[in-house]
Structure formats: structure tokens, C-alpha cells
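So this block is entry09.tsv, TSV, C-alpha atoms:
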```tsv
chain	number	residue	atom	x	y	z
A	1	MET	CA	38.74	224.86	0.51
A	2	LYS	CA	36.55	221.73	0.57
A	3	LYS	CA	34.98	222.68	-2.76
A	4	GLY	CA	38.42	223.11	-4.33
A	5	ILE	CA	39.57	219.68	-3.11
A	6	LEU	CA	36.39	218.03	-4.47
A	7	ILE	CA	36.95	219.63	-7.89
A	8	PHE	CA	40.60	218.52	-7.84
A	9	LEU	CA	39.69	214.91	-6.97
A	10	SER	CA	37.00	214.89	-9.67
A	11	VAL	CA	39.59	215.87	-12.28
A	12	LEU	CA	41.90	213.08	-11.06
A	13	LEU	CA	39.05	210.57	-11.40
A	14	PHE	CA	38.29	211.76	-14.94
A	15	ILE	CA	41.93	211.35	-15.97
A	16	SER	CA	42.06	207.87	-14.43
A	17	ILE	CA	38.92	206.72	-16.27
A	18	SER	CA	40.14	208.16	-19.57
A	19	ALA	CA	43.50	206.45	-19.17
A	20	GLN	CA	41.86	203.10	-18.40
A	21	GLU	CA	39.81	203.29	-21.58
A	22	ASN	CA	43.06	203.61	-23.56
A	23	LYS	CA	45.04	200.99	-21.65
A	24	ASN	CA	47.50	198.66	-23.32
A	25	HIS	CA	47.49	195.04	-22.08
A	26	SER	CA	51.11	194.29	-22.98
A	27	THR	CA	53.50	193.59	-20.09
A	28	ARG	CA	56.52	194.79	-22.08
A	29	PRO	CA	57.58	198.38	-22.89
A	30	GLU	CA	56.32	199.32	-26.34
A	31	GLY	CA	57.02	202.30	-28.54
A	32	LEU	CA	54.94	204.25	-31.00
A	33	LYS	CA	52.37	202.15	-32.84
A	34	GLU	CA	50.53	203.31	-35.90
A	35	GLY	CA	46.75	203.07	-35.71
A	36	GLN	CA	46.68	202.31	-31.97
A	37	SER	CA	46.41	204.39	-28.80
A	38	ASN	CA	49.86	205.17	-27.41
A	39	PHE	CA	48.57	206.72	-24.20
A	40	ARG	CA	48.68	205.03	-20.83
A	41	GLY	CA	47.84	206.47	-17.45
A	42	GLY	CA	47.39	205.79	-13.78
A	43	VAL	CA	47.05	207.07	-10.24
A	44	ARG	CA	49.52	207.47	-7.38
A	45	ILE	CA	49.54	208.00	-3.62
A	46	GLY	CA	52.43	208.71	-1.28
A	47	PHE	CA	54.01	211.13	1.16
A	48	THR	CA	56.53	213.97	1.22
A	49	GLY	CA	59.29	215.19	3.50
A	50	SER	CA	59.81	218.94	3.00
A	51	GLN	CA	61.82	221.96	4.10
A	52	ILE	CA	62.10	225.69	3.35
A	53	THR	CA	65.56	227.04	2.53
A	54	LYS	CA	67.50	230.26	1.78
A	55	ASP	CA	67.45	233.85	3.02
A	56	GLY	CA	68.70	233.00	6.51
A	57	PHE	CA	65.76	230.75	7.26
A	58	ALA	CA	66.73	228.75	10.34
A	59	PHE	CA	64.29	225.84	10.21
A	60	GLU	CA	65.95	223.65	7.59
A	61	GLY	CA	65.61	219.88	7.54
A	62	PHE	CA	63.11	217.56	5.82
A	63	ASN	CA	60.94	217.35	8.93
A	64	LYS	CA	57.53	218.31	7.53
A	65	PHE	CA	55.59	215.26	6.35
A	66	GLY	CA	52.60	215.58	4.06
A	67	ALA	CA	50.34	213.81	1.58
A	68	PHE	CA	50.96	213.34	-2.12
A	69	VAL	CA	48.24	212.09	-4.51
A	70	GLY	CA	47.80	212.43	-8.23
A	71	ALA	CA	47.08	211.04	-11.68
A	72	PHE	CA	49.12	210.88	-14.86
A	73	VAL	CA	49.18	209.92	-18.52
A	74	ASN	CA	52.26	209.00	-20.53
A	75	PHE	CA	53.09	208.19	-24.10
A	76	PRO	CA	56.26	207.05	-25.91
A	77	VAL	CA	58.06	209.44	-28.25
A	78	THR	CA	60.37	206.83	-29.79
A	79	LYS	CA	59.70	203.51	-31.49
A	80	SER	CA	61.82	201.69	-28.93
A	81	GLY	CA	59.57	202.92	-26.12
A	82	LYS	CA	62.55	203.98	-24.00
A	83	TRP	CA	61.68	207.70	-24.05
A	84	LEU	CA	58.31	208.97	-22.84
A	85	ILE	CA	56.53	212.21	-22.00
A	86	GLN	CA	54.41	212.18	-18.83
A	87	PRO	CA	52.07	215.04	-17.82
A	88	GLU	CA	50.66	214.77	-14.31
A	89	LEU	CA	48.06	216.40	-12.07
A	90	ASN	CA	49.03	216.23	-8.39
A	91	PHE	CA	48.02	217.47	-4.96
A	92	ILE	CA	51.11	217.88	-2.80
A	93	MET	CA	51.75	219.19	0.71
A	94	LYS	CA	55.00	221.04	1.42
A	95	GLY	CA	56.40	223.33	4.12
A	96	CYS	CA	58.62	222.95	7.15
A	97	LYS	CA	58.45	222.04	10.81
A	98	HIS	CA	60.69	222.67	13.79
A	99	THR	CA	60.11	221.40	17.33
A	100	LEU	CA	62.21	222.58	20.25
A	101	LYS	CA	64.67	220.05	21.63
A	102	PHE	CA	65.97	220.02	25.19
A	103	ASP	CA	69.00	218.46	26.86
A	104	GLU	CA	68.97	216.50	30.12
A	105	ASN	CA	69.07	219.76	32.09
A	106	GLY	CA	66.03	221.22	30.37
A	107	ASN	CA	68.00	223.68	28.24
A	108	ILE	CA	67.13	224.27	24.60
A	109	THR	CA	69.62	222.71	22.19
A	110	GLY	CA	70.37	224.29	18.83
A	111	PRO	CA	70.04	227.88	17.59
A	112	ASN	CA	66.22	227.95	17.25
A	113	MET	CA	64.29	229.38	20.17
A	114	GLU	CA	60.71	228.62	19.12
A	115	ASP	CA	58.44	225.98	17.63
A	116	TYR	CA	57.44	226.62	14.04
A	117	LYS	CA	55.11	224.89	11.59
A	118	LEU	CA	54.36	225.83	7.99
A	119	GLN	CA	52.14	223.81	5.68
A	120	LEU	CA	51.71	224.67	2.01
A	121	MET	CA	49.13	222.87	-0.14
A	122	TYR	CA	49.67	222.94	-3.90
A	123	GLY	CA	47.94	221.71	-7.00
A	124	GLU	CA	50.70	220.95	-9.51
A	125	ILE	CA	51.07	220.01	-13.17
A	126	PRO	CA	54.48	218.41	-13.83
A	127	VAL	CA	55.54	217.66	-17.41
A	128	LEU	CA	58.26	215.02	-17.25
A	129	VAL	CA	60.61	213.35	-19.72
A	130	LYS	CA	61.14	209.71	-18.76
A	131	TRP	CA	63.92	207.34	-19.85
A	132	ARG	CA	63.65	203.56	-19.47
A	133	PHE	CA	67.31	202.68	-18.99
A	134	PHE	CA	67.27	199.15	-17.50
A	135	ARG	CA	64.38	196.70	-17.41
A	136	GLY	CA	61.72	198.29	-15.18
A	137	PHE	CA	63.87	201.23	-14.05
A	138	GLN	CA	63.09	204.72	-15.32
A	139	LEU	CA	64.62	208.15	-14.76
A	140	GLU	CA	62.48	211.29	-14.91
A	141	LEU	CA	63.21	214.99	-15.27
A	142	GLY	CA	61.13	218.09	-15.90
A	143	PRO	CA	59.35	221.19	-14.59
A	144	ALA	CA	56.26	221.41	-12.39
A	145	PHE	CA	53.83	224.32	-12.51
A	146	GLY	CA	51.87	224.86	-9.29
A	147	ILE	CA	49.16	226.95	-7.70
A	148	LEU	CA	49.01	227.53	-3.95
A	149	ILE	CA	45.69	226.29	-2.57
A	150	LYS	CA	46.10	227.17	1.10
A	151	ASN	CA	48.69	228.02	3.73
A	152	ILE	CA	47.98	230.89	6.10
A	153	ASP	CA	45.78	228.98	8.57
A	154	VAL	CA	48.51	226.45	9.30
A	155	GLU	CA	51.55	228.74	9.58
A	156	LYS	CA	52.17	228.94	13.31
A	157	VAL	CA	54.87	230.05	15.76
A	158	ASN	CA	54.64	228.43	19.20
A	159	GLY	CA	51.10	227.33	18.36
A	160	ASP	CA	49.84	230.81	17.40
A	161	PRO	CA	49.03	232.01	13.85
A	162	ASN	CA	52.00	233.79	12.28
A	163	TYR	CA	50.23	237.06	11.47
A	164	GLY	CA	52.18	239.70	9.59
A	165	ALA	CA	54.47	237.24	7.80
A	166	PRO	CA	55.23	238.01	4.13
A	167	PRO	CA	52.69	236.43	1.73
A	168	PHE	CA	53.51	233.43	-0.39
A	169	ALA	CA	53.48	233.55	-4.18
A	170	ARG	CA	50.23	232.24	-5.66
A	171	PHE	CA	52.00	230.41	-8.48
A	172	SER	CA	55.17	228.31	-8.35
A	173	LEU	CA	57.70	226.80	-10.72
A	174	SER	CA	59.73	223.78	-9.61
A	175	GLY	CA	62.14	221.25	-11.06
A	176	ILE	CA	61.78	217.49	-10.58
A	177	ILE	CA	64.33	214.69	-10.84
A	178	GLY	CA	63.49	211.14	-9.87
A	179	ILE	CA	63.80	207.41	-10.34
A	180	GLU	CA	61.17	204.68	-10.34
A	181	TYR	CA	60.71	200.98	-10.80
A	182	LEU	CA	57.72	199.51	-12.64
A	183	PHE	CA	56.58	195.98	-11.75
A	184	PHE	CA	54.93	194.00	-14.57
A	185	ASN	CA	54.10	197.24	-16.40
A	186	HIS	CA	51.35	198.09	-13.88
A	187	LEU	CA	52.46	198.57	-10.26
A	188	GLY	CA	55.43	200.82	-9.49
A	189	VAL	CA	57.27	202.82	-6.87
A	190	ASN	CA	58.69	206.30	-7.36
A	191	LEU	CA	61.19	208.47	-5.50
A	192	ARG	CA	61.71	212.06	-6.62
A	193	PHE	CA	63.25	215.30	-5.45
A	194	GLU	CA	61.42	218.54	-6.16
A	195	GLY	CA	62.93	222.00	-5.64
A	196	SER	CA	61.64	225.50	-6.35
A	197	LEU	CA	63.20	227.28	-9.31
A	198	LEU	CA	61.67	230.59	-8.20
A	199	PRO	CA	61.17	231.88	-4.64
A	200	VAL	CA	57.88	230.94	-3.00
A	201	ARG	CA	58.07	233.96	-0.67
A	202	LYS	CA	59.96	237.23	-0.76
A	203	THR	CA	61.70	238.13	2.49
A	204	GLY	CA	63.96	240.79	3.93
A	205	ALA	CA	66.00	243.04	1.66
A	206	SER	CA	65.21	240.94	-1.41
A	207	GLN	CA	61.55	242.07	-1.55
A	208	TRP	CA	62.34	244.71	-4.16
A	209	MET	CA	63.61	242.10	-6.64
A	210	TYR	CA	61.58	238.89	-6.83
A	211	LEU	CA	64.17	236.77	-8.63
A	212	LEU	CA	66.86	237.26	-5.97
A	213	GLY	CA	66.81	235.88	-2.44
A	214	GLY	CA	63.61	234.67	-0.83
A	215	GLN	CA	62.53	231.26	0.43
A	216	TYR	CA	62.37	228.04	-1.61
A	217	ASN	CA	60.53	224.74	-1.24
A	218	GLN	CA	62.46	221.48	-1.31
A	219	SER	CA	60.78	218.08	-1.02
A	220	PHE	CA	61.50	214.39	-1.28
A	221	CYS	CA	58.42	212.51	-2.52
A	222	PHE	CA	57.85	208.77	-2.28
A	223	SER	CA	54.79	207.24	-3.94
A	224	VAL	CA	53.27	203.98	-5.09
A	225	TYR	CA	51.40	204.08	-8.38
A	226	TYR	CA	49.26	201.88	-10.56
A	227	GLN	CA	49.49	202.21	-14.35
A	228	PHE	CA	46.52	201.00	-16.37
```
Could you write out this structure as C-alpha cells?
Amino acid sequence: MKKGILIFLSVLLFISISAQENKNHSTRPEGLKEGQSNFRGGVRIGFTGSQITKDGFAFEGFNKFGAFVGAFVNFPVTKSGKWLIQPELNFIMKGCKHTLKFDENGNITGPNMEDYKLQLMYGEIPVLVKWRFFRGFQLELGPAFGILIKNIDVEKVNGDPNYGAPPFARFSLSGIIGIEYLFFNHLGVNLRFEGSLLPVRKTGASQWMYLLGGQYNQSFCFSVYYQF
């Protein structure tokens, strides 16, 4: 696990250094330029609020907080500079969390009768289309391809490991939609929603057909980023 994280962070550092070498010093959006580097890049850090949905799963609600770090490069695909393509490499934590709640008489409120915590750690490669629609504001949309790094040691029911639970898919495919604001062409903030397009775990009667039923990740991600 530690070795995998070190390799992941090393790749992020390499992307950041490469992007800085190709940086553009202009403070205004620019489009395609002949004979010059059109690539820009940067790094980001933030947090997520996640849940697991579908297939009768009772613990819905964006109650599981996690870390979100990554690096990216982007380049314009039009001369106006309003449309860009942005590949990314991110580490993101997803999952869900439910804690029992009690009323003034000590009785459990709500339908859930146990504590539950699930943490999923992914390495992801989103490929986003970005549209600069008003000054520093940008919309983004695109898929994200992920690989599950770890989960089983932090899936617990009432504090005990959830042995015997169905396994999670090693690979994931998600969709991303978001909005961001870029200050002075360098510092920006980003808010995005990410949802699974394929189940992350097969459950119940749907196990015989992977594309139907199952559980899905959903996350809101907030991050601050610096673009070189």
C-alpha cells in the first residue's frame, strides 16, 4: 500500500514539473499558437463527500469525507481558447458512513440498526472537456477511469471487519460534471460531482448480470488548484 502511494505521488510530481517547464506567463486565456507550447498544468488538493447508492443500500447520504489530490495538464483545442481538453491523474477517497442516532429516550432513530463505514481508495484518470463561458468561469464534463487501490481493511460494521461481503470491482468508470473559477490564470477553485457509470460492486440477485443492479459511488469533490 505504502509503495503504491509513493509511486502515485512520484508520478504527480513528474507531471507537475513537466507542466511547469511548459508554462505560459500570460494572465489571459489564449488559444492555439503555432510554434509555441500550448500545454499548461498544475496540482490540486481538496476533499470529498461520498455515498453508495442503489440495490436497496440503506446508508445513503454524503457523509463519508475523504482526501482528493492530483495533477493535470490542459491544452486549448480552439483558437479562441474557450474550449480545452484536460487529462488528470488523481487520488480520491470514496465510500459511505453511517453512525447510529438516538432520541432523547435512548431509542435508535431511522431505519438503520448498525454503524457502518466503507472507505474506497482510487487512482483515477479523468479526461475532461472544459468550456470557458464567462471570464474566469469554466464548465467541465467527461469520463474518469479508475483502479481500486484498497478497501477491505476499512469496511466495517459496528467496528468489526465486514468479512464475507461481495468484492468490489477492481476497475471503475465514472462520469464527471463540474464548475470552477480561475483567479489570474493561476489559482482556482473547483466543485464537481462524480458518479459511477458502472456498478462498483455486484449484490443480491443482480450478481449474474454485471450491468444491472449493484452499488454505485457518488461524490461531491471540492478542491483548490494552482495552474502553472
Record the distance separating atom CA of Arg170 of chain A and atom CA of Ile45 of chain A, expressed in Å with one decimal.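 Result for atom CA of Arg170 of chain A versus atom CA of Ile45 of chain A: 24.3 Å, one decimal.
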Report, in Å with one decimal, the straight-line distance from atom CA of Phe75 of chain A to atom CA of Ser196 of chain A.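 Distance reported for this atom pair: 26.2 Å.
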What does the distance between atom CA of Lys64 of chain A and atom CA of Ile92 of chain A come to in Å, to one decimal place?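 These two atoms are separated by 12.2 Å.
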So which residues touch Phe68 of chain A within 12 Å, counting all atoms listed in the file, skipping near sequence neighbours fewer than 5 positions away, as JSON, numbers by chain? {"A": [43, 44, 45, 46, 47, 48, 49, 50, 89, 90, 91, 92, 93, 94, 121, 122, 123, 124, 190, 191, 192, 219, 220, 221, 222, 223, 224, 225]}
Counting only C-alpha atoms, find residues at most 8 Å from (56.1, 224.6, -12.5) (file frame) and give them as a PyMOL selection string. chain A and resi 124-126+143-146+172-175
Restricting the calculation to only C-alpha atoms, which member of A:Leu84, A:Cys96, A:Leu187, A:Val77 is positioned closest to Asn63 of chain A?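 Ranked by minimum distance to Asn63 of chain A, first place goes to A:Cys96.
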Neighbouring residues of Gly95 of chain A were defined as those with any atom within 6 Å, considering only C-alpha atoms; residues of the same chain fewer than 5 positions away were excluded. Please report them as an NGL selection string. :A and (50-51 or 118-120)
Select all residues near (63.3, 210.9, -10.0) (cut-off 10 Å, inclusive, file coordinates), counting all atoms listed in the file, and output them as a list in words.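 Checking each residue against the 10 Å limit leaves Leu128, Lys130, Gln138, Leu139, Glu140, Leu141, Gly142, Ile176, Ile177, Gly178, Ile179, Glu180, Asn190, Leu191, Arg192, Phe193, Glu194, Phe220, Cys221 and Phe222 of chain A.
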Counting only C-alpha atoms, the option among A:His98, A:Asp160, A:Val200, A:Glu88 closest to Val127 of chain A: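 The shortest atom-to-atom distance to Val127 of chain A comes from A:Glu88.
Counting all atoms listed in the file and comparing A:Gly188, A:Gly213, A:Asn38, A:Lys97, the residue that lies closest to Lys79 of chain A is A:Asn38.
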Using all atoms listed in the file for the distances, tell me which of A:Phe183, A:Phe39, A:Phe228, A:Phe168 is nearest to Gly214 of chain A.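 Under the stated criterion, the closest residue is A:Phe168.
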